>>> print(open('entry00.txt').read())   # compact mmCIF, C-alpha atoms and all ligand atoms
# COMPACT_ATOMS: atom_id res chain seq x y z
CA MET A 193 171.47 98.67 83.14
CA THR A 194 174.01 97.10 85.47
CA ALA A 195 177.33 98.89 85.28
CA ARG A 196 180.63 97.25 84.56
CA ILE A 197 182.89 97.53 87.61
CA ILE A 198 186.14 99.28 86.75
CA ASP A 199 188.84 97.27 88.50
CA GLY A 200 191.32 99.86 89.77
CA LYS A 201 193.29 97.22 91.66
CA ALA A 202 193.99 95.28 88.47
CA ALA A 203 194.78 98.45 86.48
CA ALA A 204 197.17 99.59 89.23
CA ALA A 205 198.90 96.19 89.34
CA THR A 206 199.45 96.35 85.57
CA LEU A 207 200.84 99.89 85.78
CA ARG A 208 203.14 98.94 88.66
CA THR A 209 204.49 96.00 86.65
CA GLU A 210 205.07 98.24 83.63
CA VAL A 211 206.89 100.76 85.82
CA ALA A 212 209.06 97.97 87.28
CA VAL A 213 210.10 96.85 83.77
CA GLU A 214 211.19 100.40 82.89
CA VAL A 215 212.91 100.82 86.27
CA ALA A 216 215.02 97.72 85.55
CA ARG A 217 216.02 99.17 82.14
CA PHE A 218 216.78 102.54 83.75
CA THR A 219 218.90 100.99 86.49
CA ALA A 220 220.87 98.82 84.07
CA ALA A 221 221.57 101.80 81.81
CA THR A 222 222.42 104.44 84.43
CA GLY A 223 223.91 102.34 87.23
CA ARG A 224 221.49 103.69 89.81
CA ALA A 225 217.87 103.08 90.77
CA PRO A 226 215.30 105.90 90.84
CA GLY A 227 214.76 107.21 94.39
CA LEU A 228 211.67 108.55 96.14
CA ALA A 229 211.94 110.46 99.43
CA VAL A 230 208.82 110.49 101.59
CA VAL A 231 208.58 112.82 104.57
CA LEU A 232 206.11 112.13 107.37
CA VAL A 233 205.72 114.56 110.25
CA GLY A 234 203.82 113.26 113.26
CA GLU A 235 201.88 110.13 114.08
CA ASP A 236 198.63 110.48 112.11
CA PRO A 237 197.63 106.80 111.70
CA ALA A 238 196.10 107.18 108.21
CA SER A 239 199.19 109.07 107.00
CA ALA A 240 201.44 106.37 108.50
CA VAL A 241 199.57 103.70 106.51
CA TYR A 242 199.84 105.74 103.28
CA VAL A 243 203.57 106.28 103.81
CA ARG A 244 204.13 102.59 104.54
CA ASN A 245 202.23 101.58 101.40
CA LYS A 246 204.14 104.09 99.29
CA GLY A 247 207.43 102.64 100.59
CA ILE A 248 206.32 99.10 99.77
CA ALA A 249 205.24 100.06 96.23
CA THR A 250 208.47 101.96 95.64
CA ARG A 251 210.67 99.03 96.68
CA GLU A 252 208.53 96.50 94.79
CA ALA A 253 209.10 98.54 91.62
CA GLY A 254 212.88 98.27 92.16
CA MET A 255 213.30 101.87 93.28
CA LEU A 256 214.91 103.26 96.43
CA SER A 257 212.65 104.55 99.18
CA PHE A 258 214.08 107.17 101.54
CA GLU A 259 211.74 107.59 104.48
CA HIS A 260 212.06 110.56 106.83
CA LYS A 261 209.86 110.32 109.91
CA LEU A 262 209.92 113.45 112.03
CA ASP A 263 208.46 114.20 115.42
CA ALA A 264 205.59 116.71 115.30
CA GLU A 265 206.52 118.24 118.68
CA THR A 266 210.21 118.81 118.15
CA THR A 267 210.37 119.53 114.40
CA SER A 268 210.14 123.18 113.42
CA GLN A 269 209.11 124.62 110.10
CA ALA A 270 212.76 125.64 109.57
CA ASP A 271 213.88 122.02 110.21
CA LEU A 272 211.43 120.74 107.60
CA LEU A 273 212.46 123.40 105.06
CA ALA A 274 216.10 122.44 105.65
CA LEU A 275 215.28 118.79 105.02
CA VAL A 276 213.48 119.69 101.79
CA ASP A 277 216.55 121.72 100.72
CA ARG A 278 218.80 118.72 101.37
CA LEU A 279 216.50 116.41 99.38
CA ASN A 280 216.34 118.96 96.54
CA ALA A 281 220.15 118.88 96.37
CA ASP A 282 220.54 115.09 96.74
CA PRO A 283 221.28 113.50 93.33
CA ALA A 284 219.94 110.10 94.52
CA VAL A 285 216.50 111.61 95.09
CA ASP A 286 214.29 111.90 92.00
CA GLY A 287 210.98 112.49 93.77
CA ILE A 288 210.04 114.23 97.01
CA LEU A 289 206.72 113.78 98.72
CA VAL A 290 205.73 115.51 101.95
CA GLN A 291 202.76 113.64 103.38
CA LEU A 292 199.76 115.84 104.15
CA PRO A 293 198.25 116.91 106.46
CA LEU A 294 201.14 118.64 108.21
CA PRO A 295 200.83 119.61 111.91
CA PRO A 296 198.92 122.89 112.37
CA GLN A 297 202.01 124.90 113.35
CA MET A 298 203.48 124.32 109.89
CA ASP A 299 202.68 126.27 106.74
CA ALA A 300 202.00 123.52 104.19
CA ASP A 301 202.09 125.93 101.23
CA ALA A 302 205.54 127.19 102.24
CA ILE A 303 206.83 123.60 102.50
CA LEU A 304 205.27 122.37 99.25
CA THR A 305 206.53 125.35 97.26
CA ARG A 306 210.06 124.75 98.59
CA ILE A 307 210.18 121.38 96.78
CA ASP A 308 212.10 121.55 93.50
CA PRO A 309 209.28 121.50 90.87
CA ASP A 310 211.33 118.97 88.89
CA LYS A 311 211.22 116.57 91.89
CA ASP A 312 207.62 117.36 92.80
CA VAL A 313 206.17 113.93 91.98
CA ASP A 314 202.93 114.80 93.81
CA GLY A 315 202.40 117.63 91.30
CA PHE A 316 201.22 120.08 93.98
CA HIS A 317 203.78 122.85 93.29
CA PRO A 318 202.22 125.93 91.61
CA VAL A 319 204.81 125.58 88.83
CA ASN A 320 203.44 122.13 88.00
CA ALA A 321 199.83 123.37 88.29
CA GLY A 322 200.78 126.07 85.76
CA ARG A 323 202.50 123.57 83.49
CA LEU A 324 199.37 121.38 83.53
CA ALA A 325 197.14 124.37 82.79
CA THR A 326 199.31 125.49 79.87
CA GLY A 327 200.07 122.05 78.41
CA LEU A 328 203.77 121.96 79.32
CA PRO A 329 205.40 118.75 80.57
CA GLY A 330 205.51 118.60 84.35
CA PHE A 331 204.08 116.43 87.11
CA VAL A 332 200.36 115.82 87.41
CA PRO A 333 198.82 115.01 90.83
CA CYS A 334 198.61 111.23 91.18
CA THR A 335 194.91 110.77 91.99
CA PRO A 336 193.49 112.67 89.01
CA TYR A 337 196.12 111.14 86.72
CA GLY A 338 195.00 107.69 87.93
CA CYS A 339 191.38 108.63 87.15
CA LEU A 340 192.41 109.73 83.65
CA LEU A 341 194.18 106.42 83.00
CA LEU A 342 191.06 104.50 84.10
CA LEU A 343 188.89 106.63 81.80
CA ARG A 344 191.24 106.18 78.84
CA ALA A 345 191.27 102.42 79.44
CA GLU A 346 187.47 102.43 79.51
CA LEU A 347 186.74 104.77 76.60
CA GLY A 348 189.86 104.94 74.47
CA ASN A 349 189.48 108.44 73.08
CA LEU A 350 187.79 110.97 75.41
CA SER A 351 187.51 113.67 72.73
CA GLY A 352 184.14 115.45 72.64
CA LYS A 353 182.77 113.75 75.75
CA SER A 354 180.89 115.86 78.23
CA ALA A 355 182.53 115.60 81.67
CA VAL A 356 181.43 116.91 85.05
CA VAL A 357 183.98 117.06 87.86
CA ILE A 358 182.37 117.55 91.27
CA GLY A 359 184.90 119.24 93.56
CA ARG A 360 187.43 122.01 92.91
CA SER A 361 190.34 121.18 95.21
CA ASN A 362 193.90 121.79 94.03
CA ILE A 363 194.69 118.13 94.69
CA VAL A 364 191.87 116.45 92.78
CA GLY A 365 189.09 118.55 91.23
CA LYS A 366 191.03 121.29 89.43
CA PRO A 367 193.82 119.10 87.99
CA MET A 368 191.19 116.50 86.99
CA ALA A 369 189.33 119.17 85.03
CA MET A 370 192.58 120.27 83.35
CA LEU A 371 193.42 116.70 82.35
CA LEU A 372 189.96 116.11 80.88
CA LEU A 373 190.22 119.41 78.99
CA ALA A 374 193.62 118.39 77.63
CA ASP A 375 191.96 115.18 76.37
CA SER A 376 189.36 117.39 74.58
CA CYS A 377 186.37 116.80 76.84
CA THR A 378 183.82 119.56 77.38
CA VAL A 379 184.33 120.09 81.09
CA THR A 380 182.10 121.47 83.82
CA ILE A 381 183.48 121.93 87.33
CA ALA A 382 180.78 121.68 89.99
CA HIS A 383 181.28 122.58 93.65
CA SER A 384 179.53 123.42 96.89
CA ARG A 385 177.87 126.54 95.41
CA THR A 386 176.66 124.86 92.22
CA LYS A 387 172.92 125.26 91.69
CA ASP A 388 170.86 122.15 90.91
CA LEU A 389 173.80 119.73 90.96
CA PRO A 390 171.69 116.73 89.86
CA ALA A 391 170.72 118.57 86.64
CA VAL A 392 174.37 119.47 85.98
CA VAL A 393 175.51 115.89 86.56
CA ARG A 394 172.74 114.55 84.29
CA GLN A 395 174.41 116.25 81.27
CA ALA A 396 177.60 114.25 81.66
CA ASP A 397 179.01 111.27 79.77
CA ILE A 398 181.76 111.20 82.41
CA VAL A 399 181.24 112.01 86.11
CA VAL A 400 184.18 112.36 88.47
CA ALA A 401 183.08 112.78 92.09
CA ALA A 402 185.72 114.26 94.44
CA VAL A 403 183.71 115.81 97.23
CA GLY A 404 184.21 113.94 100.51
CA ARG A 405 180.48 113.39 101.18
CA ALA A 406 179.38 109.82 101.63
CA GLU A 407 177.15 108.48 98.82
CA MET A 408 176.04 111.97 97.76
CA VAL A 409 175.67 111.29 94.01
CA LYS A 410 172.56 109.19 93.39
CA GLY A 411 171.71 106.96 90.45
CA ASP A 412 168.87 109.23 89.33
CA TRP A 413 171.36 112.11 88.94
CA LEU A 414 173.13 110.21 86.15
CA LYS A 415 172.62 110.13 82.40
CA PRO A 416 171.97 106.48 81.50
CA GLY A 417 175.24 104.93 80.33
CA ALA A 418 177.48 107.51 82.02
CA ILE A 419 180.93 106.49 83.25
CA VAL A 420 181.41 107.22 86.94
CA ILE A 421 184.75 107.69 88.68
CA ASP A 422 184.33 107.87 92.44
CA VAL A 423 187.31 109.49 94.15
CA GLY A 424 185.67 109.87 97.55
CA ILE A 425 186.87 107.96 100.60
CA ASN A 426 184.41 108.27 103.47
CA ARG A 427 184.22 106.18 106.61
CA VAL A 428 180.64 105.47 107.76
CA PRO A 429 179.17 103.24 110.47
CA ALA A 430 178.77 99.61 109.37
CA SER A 431 175.72 97.51 110.16
CA GLU A 432 177.73 95.71 112.88
CA PRO A 433 177.76 97.92 116.00
CA GLY A 434 181.05 99.74 116.59
CA LYS A 435 182.43 98.90 113.12
CA THR A 436 182.94 101.21 110.16
CA ARG A 437 183.20 100.72 106.41
CA LEU A 438 184.49 102.80 103.49
CA VAL A 439 182.15 104.30 100.93
CA GLY A 440 182.67 106.74 98.08
CA ASP A 441 180.96 109.98 97.14
CA VAL A 442 178.62 108.02 94.87
CA ASP A 443 175.72 105.89 96.02
CA PHE A 444 177.08 102.73 94.41
CA ALA A 445 173.86 100.69 94.69
CA SER A 446 171.69 103.13 92.74
CA ALA A 447 174.44 104.50 90.44
CA SER A 448 175.47 101.06 89.25
CA GLN A 449 171.92 100.54 87.93
CA VAL A 450 172.23 103.57 85.62
CA ALA A 451 175.93 103.98 84.73
CA SER A 452 177.63 101.88 82.07
CA ALA A 453 180.82 101.63 84.15
CA ILE A 454 181.74 102.67 87.69
CA THR A 455 184.71 102.50 90.05
CA PRO A 456 184.06 100.80 93.40
CA VAL A 457 185.24 102.11 96.78
CA PRO A 458 187.53 100.59 97.88
CA GLY A 459 189.34 99.05 94.90
CA GLY A 460 188.77 101.78 92.31
CA VAL A 461 190.71 105.04 92.25
CA GLY A 462 192.67 104.45 95.48
CA PRO A 463 195.14 101.83 94.18
CA MET A 464 195.85 103.96 91.08
CA THR A 465 197.12 106.84 93.21
CA ILE A 466 200.18 104.94 94.48
CA ALA A 467 200.82 103.37 91.07
CA CYS A 468 200.87 106.87 89.55
CA LEU A 469 203.25 108.07 92.26
CA ILE A 470 205.87 105.47 91.33
CA ARG A 471 205.18 106.21 87.66
CA ASN A 472 205.91 109.91 88.29
CA THR A 473 209.10 109.02 90.19
CA LEU A 474 210.34 106.93 87.27
CA VAL A 475 209.44 109.74 84.83
CA SER A 476 211.40 112.19 87.00
CA ALA A 477 214.46 109.93 87.10
CA ALA A 478 214.27 109.43 83.32
CA ARG A 479 214.07 113.19 82.70
CA ARG A 480 216.95 113.93 85.06
CA GLU A 481 219.19 111.31 83.42
CA ASN A 482 217.97 112.00 79.88
CA PHE A 483 216.89 108.35 79.66
CA LYS A 484 214.29 107.43 77.06
CA LEU A 485 211.44 105.28 78.38
CA GLU A 486 210.28 102.59 75.92
CA ASN A 487 206.81 102.67 77.45
CA PRO A 488 205.59 106.26 77.96
CA LEU A 489 203.17 104.99 80.69
P1 LIG A 501 188.37 118.87 99.51
O1 LIG A 501 187.61 118.89 100.78
O2 LIG A 501 189.63 119.64 99.39
O3 LIG A 501 187.39 119.38 98.34
C1 LIG A 501 186.07 118.97 98.27
C2 LIG A 501 185.37 119.72 97.15
O4 LIG A 501 184.01 119.29 97.12
C3 LIG A 501 185.38 121.23 97.33
O5 LIG A 501 185.91 121.81 96.17
C4 LIG A 501 183.90 121.60 97.50
O6 LIG A 501 183.54 122.76 96.76
C5 LIG A 501 183.19 120.41 96.93
N1 LIG A 501 181.93 120.18 97.67
C6 LIG A 501 181.74 120.10 99.00
N2 LIG A 501 180.44 119.89 99.28
C7 LIG A 501 179.80 119.85 98.11
C8 LIG A 501 178.46 119.67 97.73
N3 LIG A 501 177.51 119.48 98.64
N4 LIG A 501 178.15 119.67 96.43
C9 LIG A 501 179.10 119.85 95.48
N5 LIG A 501 180.40 120.00 95.77
C10 LIG A 501 180.75 120.02 97.07
O7 LIG A 501 188.58 117.34 99.16
P2 LIG A 501 189.63 116.60 98.18
O8 LIG A 501 190.99 116.60 98.78
O9 LIG A 501 189.46 117.08 96.78
O10 LIG A 501 189.07 115.11 98.30
C11 LIG A 501 187.76 114.75 97.89
C12 LIG A 501 187.48 113.32 98.27
O11 LIG A 501 188.40 112.49 97.59
C13 LIG A 501 187.66 113.01 99.75
O12 LIG A 501 186.70 112.02 100.11
C14 LIG A 501 189.04 112.42 99.84
O13 LIG A 501 189.19 111.52 100.92
C15 LIG A 501 189.11 111.69 98.53
N6 LIG A 501 190.47 111.48 98.01
C16 LIG A 501 190.78 110.25 97.58
C17 LIG A 501 192.03 110.00 97.07
C18 LIG A 501 192.37 108.62 96.57
O14 LIG A 501 193.51 108.27 96.45
N7 LIG A 501 191.36 107.82 96.22
C19 LIG A 501 192.99 111.02 97.00
C20 LIG A 501 192.62 112.29 97.41
C21 LIG A 501 191.35 112.52 97.91
>>> encode(input="entry00.txt", output="structure tokens")
Amino acid sequence: MTARIIDGKAAAATLRTEVAVEVARFTAATGRAPGLAVVLVGEDPASAVYVRNKGIATREAGMLSFEHKLDAETTSQADLLALVDRLNADPAVDGILVQLPLPPQMDADAILTRIDPDKDVDGFHPVNAGRLATGLPGFVPCTPYGCLLLLRAELGNLSGKSAVVIGRSNIVGKPMAMLLLADSCTVTIAHSRTKDLPAVVRQADIVVAAVGRAEMVKGDWLKPGAIVIDVGINRVPASEPGKTRLVGDVDFASASQVASAITPVPGGVGPMTIACLIRNTLVSAARRENFKLENPL
């Protein structure tokens, strides 16, 4: 079997266009555009690229992007908390995102839990984790939500499917498992202590790999016809000396011979993450203004 490639770039472009249509309706009706505040502390080059791309996507969707770039040396934890308080109180700000990782002298949990849960468009606040676990409306972390949208587009109804999520982080693995459970999958969460991971993975109709280990999941671990969502982003040496390339947590060459559909890296889950961020910002603005979206996205 040669797997169908799930085109996350195309799915993300469609979602971004749909968000932009609703943003235009929202702005016409309320007289203001939804606003996303992004806070970056320090000079981490990967974080700087993410923040830039988030700003571009926000503006392209017709929303306002408020970017706060702070110096890692001179910004204290108290300064950052004060900024979060100001953004919480600012009526023009519908979503607040503090880019991780934060410098080591800062307590990321303290910062993230200071964000108003109703502006927490990253969905990392424990209140939103609890809402997801109990089925209440809240904000779902963008990467797992993007994975869910790709799976729904691929399968339609996920009910009764057997799903294995590899990884139990608060950002990807755990919320992914909650989302699959809410869509009535039978969910197994595998992690670094799981015994005989290949046998566990072989049970699954749906495999979501969120581990951070290059090409760990092999084709012969998969049930023939499984759908594979590869969240991993790993930089490995390229064949050209001194160059690197990105690979996922799944060995694409062997997995694509066994799966029925698979996301590539890059071009799979990654683009959906930003699309879901602007989706969450629009949803936040709509909730705050009591505005009904025509497209529930
Ligand atoms: P993390 O390090 O917080 O968690 C990794 C998880 O993998 C842990 O729960 C651990 O138990 C599990 N694990 C580690 N080794 C294992 C093994 N040998 N067998 C089974 N499980 C094992 O990572 P994370 O933040 O969840 O991210 C996971 C991957 O997804 C990373 O490659 C990251 O770069 C990527 N990621 C991508 C996006 C995106 O937008 N595409 C977003 C977030 C994370």
>>> residues_near_point(input="entry00.txt", point="(202.1, 121.9, 91.8)", cutoff="12 Å", atoms="all atoms listed in the file", output="CSV table (one decimal) with C-alpha atoms, in the coordinates of the input")
chain,number,residue,atom,x,y,z
A,289,LEU,CA,206.7,113.8,98.7
A,301,ASP,CA,202.1,125.9,101.2
A,303,ILE,CA,206.8,123.6,102.5
A,304,LEU,CA,205.3,122.4,99.2
A,305,THR,CA,206.5,125.4,97.3
A,306,ARG,CA,210.1,124.8,98.6
A,307,ILE,CA,210.2,121.4,96.8
A,308,ASP,CA,212.1,121.6,93.5
A,309,PRO,CA,209.3,121.5,90.9
A,310,ASP,CA,211.3,119.0,88.9
A,311,LYS,CA,211.2,116.6,91.9
A,312,ASP,CA,207.6,117.4,92.8
A,313,VAL,CA,206.2,113.9,92.0
A,314,ASP,CA,202.9,114.8,93.8
A,315,GLY,CA,202.4,117.6,91.3
A,316,PHE,CA,201.2,120.1,94.0
A,317,HIS,CA,203.8,122.8,93.3
A,318,PRO,CA,202.2,125.9,91.6
A,319,VAL,CA,204.8,125.6,88.8
A,320,ASN,CA,203.4,122.1,88.0
A,321,ALA,CA,199.8,123.4,88.3
A,322,GLY,CA,200.8,126.1,85.8
A,323,ARG,CA,202.5,123.6,83.5
A,324,LEU,CA,199.4,121.4,83.5
A,325,ALA,CA,197.1,124.4,82.8
A,330,GLY,CA,205.5,118.6,84.4
A,331,PHE,CA,204.1,116.4,87.1
A,332,VAL,CA,200.4,115.8,87.4
A,333,PRO,CA,198.8,115.0,90.8
A,334,CYS,CA,198.6,111.2,91.2
A,362,ASN,CA,193.9,121.8,94.0
A,363,ILE,CA,194.7,118.1,94.7
A,364,VAL,CA,191.9,116.4,92.8
A,366,LYS,CA,191.0,121.3,89.4
A,367,PRO,CA,193.8,119.1,88.0
>>> closest_residue(input="entry00.txt", among="A:Leu485, A:Asp397, A:Pro416, A:Arg385", to="ligand LIG 501 (chain A)", atoms="all atoms listed in the file")
A:Arg385
>>> closest_residue(input="entry00.txt", among="A:Arg244, A:Arg196, A:Arg405, A:Arg251", to="Ser384 of chain A", atoms="only C-alpha atoms")
A:Arg405
>>> residues_near_ligand(input="entry00.txt", ligand="ligand LIG 501 (chain A)", cutoff="7 Å", atoms="only C-alpha atoms and all ligand atoms", output="count of residues only")
27
>>> closest_residue(input="entry00.txt", among="A:Pro295, A:Gly327, A:Pro390, A:Gly200", to="Val356 of chain A", atoms="all atoms listed in the file")
A:Pro390
>>> atom_distance(input="entry00.txt", atom1="atom CA of Ile421 of chain A", atom2="atom CA of Thr455 of chain A")
5.4 Å
>>> closest_residue(input="entry00.txt", among="A:Leu279, A:Leu342, A:Leu273, A:Val231", to="Pro463 of chain A", atoms="only C-alpha atoms")
A:Leu342
>>> residues_around(input="entry00.txt", residues="Glu346 of chain A", least_positions_apart="6", cutoff="9 Å", atoms="only C-alpha atoms", output="number ranges by chain")
A: 198, 419, 453
>>> residues_near_point(input="entry00.txt", point="(210.3, 109.2, 85.3)", cutoff="12 Å", atoms="all atoms listed in the file", output="CSV table (one decimal) with C-alpha atoms, in the frame of the given file")
chain,number,residue,atom,x,y,z
A,211,VAL,CA,206.9,100.8,85.8
A,212,ALA,CA,209.1,98.0,87.3
A,214,GLU,CA,211.2,100.4,82.9
A,215,VAL,CA,212.9,100.8,86.3
A,217,ARG,CA,216.0,99.2,82.1
A,218,PHE,CA,216.8,102.5,83.8
A,219,THR,CA,218.9,101.0,86.5
A,225,ALA,CA,217.9,103.1,90.8
A,226,PRO,CA,215.3,105.9,90.8
A,227,GLY,CA,214.8,107.2,94.4
A,228,LEU,CA,211.7,108.6,96.1
A,255,MET,CA,213.3,101.9,93.3
A,285,VAL,CA,216.5,111.6,95.1
A,286,ASP,CA,214.3,111.9,92.0
A,287,GLY,CA,211.0,112.5,93.8
A,310,ASP,CA,211.3,119.0,88.9
A,311,LYS,CA,211.2,116.6,91.9
A,312,ASP,CA,207.6,117.4,92.8
A,313,VAL,CA,206.2,113.9,92.0
A,329,PRO,CA,205.4,118.8,80.6
A,330,GLY,CA,205.5,118.6,84.4
A,331,PHE,CA,204.1,116.4,87.1
A,468,CYS,CA,200.9,106.9,89.6
A,469,LEU,CA,203.2,108.1,92.3
A,470,ILE,CA,205.9,105.5,91.3
A,471,ARG,CA,205.2,106.2,87.7
A,472,ASN,CA,205.9,109.9,88.3
A,473,THR,CA,209.1,109.0,90.2
A,474,LEU,CA,210.3,106.9,87.3
A,475,VAL,CA,209.4,109.7,84.8
A,476,SER,CA,211.4,112.2,87.0
A,477,ALA,CA,214.5,109.9,87.1
A,478,ALA,CA,214.3,109.4,83.3
A,479,ARG,CA,214.1,113.2,82.7
A,480,ARG,CA,217.0,113.9,85.1
A,481,GLU,CA,219.2,111.3,83.4
A,482,ASN,CA,218.0,112.0,79.9
A,483,PHE,CA,216.9,108.4,79.7
A,484,LYS,CA,214.3,107.4,77.1
A,485,LEU,CA,211.4,105.3,78.4
A,486,GLU,CA,210.3,102.6,75.9
A,487,ASN,CA,206.8,102.7,77.4
A,488,PRO,CA,205.6,106.3,78.0
A,489,LEU,CA,203.2,105.0,80.7
>>> atom_distance(input="entry00.txt", atom1="atom CA of Asp282 of chain A", atom2="atom CA of Val241 of chain A")
25.8 Å
>>> atom_distance(input="entry00.txt", atom1="atom CA of Thr222 of chain A", atom2="atom CA of Lys246 of chain A")
23.6 Å
>>> residues_around(input="entry00.txt", residues="Ala355 of chain A", least_positions_apart="4", cutoff="6 Å", atoms="all atoms listed in the file", output="JSON, numbers by chain")
{"A": [378, 379, 396, 397, 398, 399]}
>>> residues_around(input="entry00.txt", residues="Asp443 of chain A", least_positions_apart="5", cutoff="10 Å", atoms="only C-alpha atoms", output="PyMOL selection string")
chain A and resi 406-411+422+448
>>> write_last_selection(input="entry00.txt", atoms="C-alpha atoms", output="tab-separated table (two decimals), keeping the file's coordinate frame")
chain	number	residue	atom	x	y	z
A	406	ALA	CA	179.38	109.82	101.63
A	407	GLU	CA	177.15	108.48	98.82
A	408	MET	CA	176.04	111.97	97.76
A	409	VAL	CA	175.67	111.29	94.01
A	410	LYS	CA	172.56	109.19	93.39
A	411	GLY	CA	171.71	106.96	90.45
A	422	ASP	CA	184.33	107.87	92.44
A	448	SER	CA	175.47	101.06	89.25
>>> residues_around(input="entry00.txt", residues="His260 of chain A", least_positions_apart="6", cutoff="10 Å", atoms="all atoms listed in the file", output="ChimeraX atom specification")
/A:229-233,243,275,290
>>> write_last_selection(input="entry00.txt", atoms="C-alpha atoms", output="short mmCIF file (atom, residue, chain, number, x, y, z; two decimals), in the coordinates of the input")
data_model
loop_
_atom_site.label_atom_id
_atom_site.label_comp_id
_atom_site.auth_asym_id
_atom_site.auth_seq_id
_atom_site.Cartn_x
_atom_site.Cartn_y
_atom_site.Cartn_z
CA ALA A 229 211.94 110.46 99.43
CA VAL A 230 208.82 110.49 101.59
CA VAL A 231 208.58 112.82 104.57
CA LEU A 232 206.11 112.13 107.37
CA VAL A 233 205.72 114.56 110.25
CA VAL A 243 203.57 106.28 103.81
CA LEU A 275 215.28 118.79 105.02
CA VAL A 290 205.73 115.51 101.95
#
>>> closest_residue(input="entry00.txt", among="A:Ala281, A:Leu328, A:Cys377, A:Met368", to="Gly352 of chain A", atoms="all atoms listed in the file")
A:Cys377
>>> closest_residue(input="entry00.txt", among="A:Leu350, A:Leu341, A:Gln291, A:Gln395", to="Pro237 of chain A", atoms="only C-alpha atoms")
A:Gln291
>>> axis_aligned_box(input="entry00.txt", around="segment 348-359 of chain A", padding_each_side="6 Å", output="JSON")
{"center_x": 185.4, "center_y": 112.1, "center_z": 83.1, "size_x": 21.0, "size_y": 26.3, "size_z": 32.9}
>>> build_atoms(input="entry00.txt", residues="segment 449-460 of chain A", atoms="N, CA and C atoms", output="PDB file, in the coordinates of the input")
ATOM      1  N   GLN A 449     173.078 100.947  88.745  1.00  0.00           N
ATOM      2  CA  GLN A 449     171.920 100.540  87.930  1.00  0.00           C
ATOM      3  C   GLN A 449     171.742 101.447  86.705  1.00  0.00           C
ATOM      4  N   VAL A 450     172.443 102.579  86.687  1.00  0.00           N
ATOM      5  CA  VAL A 450     172.230 103.570  85.620  1.00  0.00           C
ATOM      6  C   VAL A 450     173.492 103.775  84.777  1.00  0.00           C
ATOM      7  N   ALA A 451     174.655 103.756  85.433  1.00  0.00           N
ATOM      8  CA  ALA A 451     175.930 103.980  84.730  1.00  0.00           C
ATOM      9  C   ALA A 451     176.248 102.796  83.832  1.00  0.00           C
ATOM     10  N   SER A 452     177.150 103.030  82.853  1.00  0.00           N
ATOM     11  CA  SER A 452     177.630 101.880  82.070  1.00  0.00           C
ATOM     12  C   SER A 452     178.881 101.280  82.718  1.00  0.00           C
ATOM     13  N   ALA A 453     179.628 102.122  83.454  1.00  0.00           N
ATOM     14  CA  ALA A 453     180.820 101.630  84.150  1.00  0.00           C
ATOM     15  C   ALA A 453     181.056 102.513  85.361  1.00  0.00           C
ATOM     16  N   ILE A 454     181.582 101.921  86.427  1.00  0.00           N
ATOM     17  CA  ILE A 454     181.740 102.670  87.690  1.00  0.00           C
ATOM     18  C   ILE A 454     182.921 102.097  88.472  1.00  0.00           C
ATOM     19  N   THR A 455     183.640 102.985  89.166  1.00  0.00           N
ATOM     20  CA  THR A 455     184.710 102.500  90.050  1.00  0.00           C
ATOM     21  C   THR A 455     184.118 102.192  91.424  1.00  0.00           C
ATOM     22  N   PRO A 456     184.509 101.095  92.032  1.00  0.00           N
ATOM     23  CA  PRO A 456     184.060 100.800  93.400  1.00  0.00           C
ATOM     24  C   PRO A 456     184.925 101.535  94.426  1.00  0.00           C
ATOM     25  N   VAL A 457     184.443 101.613  95.637  1.00  0.00           N
ATOM     26  CA  VAL A 457     185.240 102.110  96.780  1.00  0.00           C
ATOM     27  C   VAL A 457     185.064 101.110  97.911  1.00  0.00           C
ATOM     28  N   PRO A 458     186.142 100.469  98.359  1.00  0.00           N
ATOM     29  CA  PRO A 458     187.530 100.590  97.880  1.00  0.00           C
ATOM     30  C   PRO A 458     187.756  99.774  96.605  1.00  0.00           C
ATOM     31  N   GLY A 459     188.957  99.887  96.063  1.00  0.00           N
ATOM     32  CA  GLY A 459     189.340  99.050  94.900  1.00  0.00           C
ATOM     33  C   GLY A 459     189.187  99.734  93.567  1.00  0.00           C
ATOM     34  N   GLY A 460     188.900 101.058  93.576  1.00  0.00           N
ATOM     35  CA  GLY A 460     188.770 101.780  92.310  1.00  0.00           C
ATOM     36  C   GLY A 460     189.940 102.731  92.117  1.00  0.00           C
TER      37      GLY A 460
END
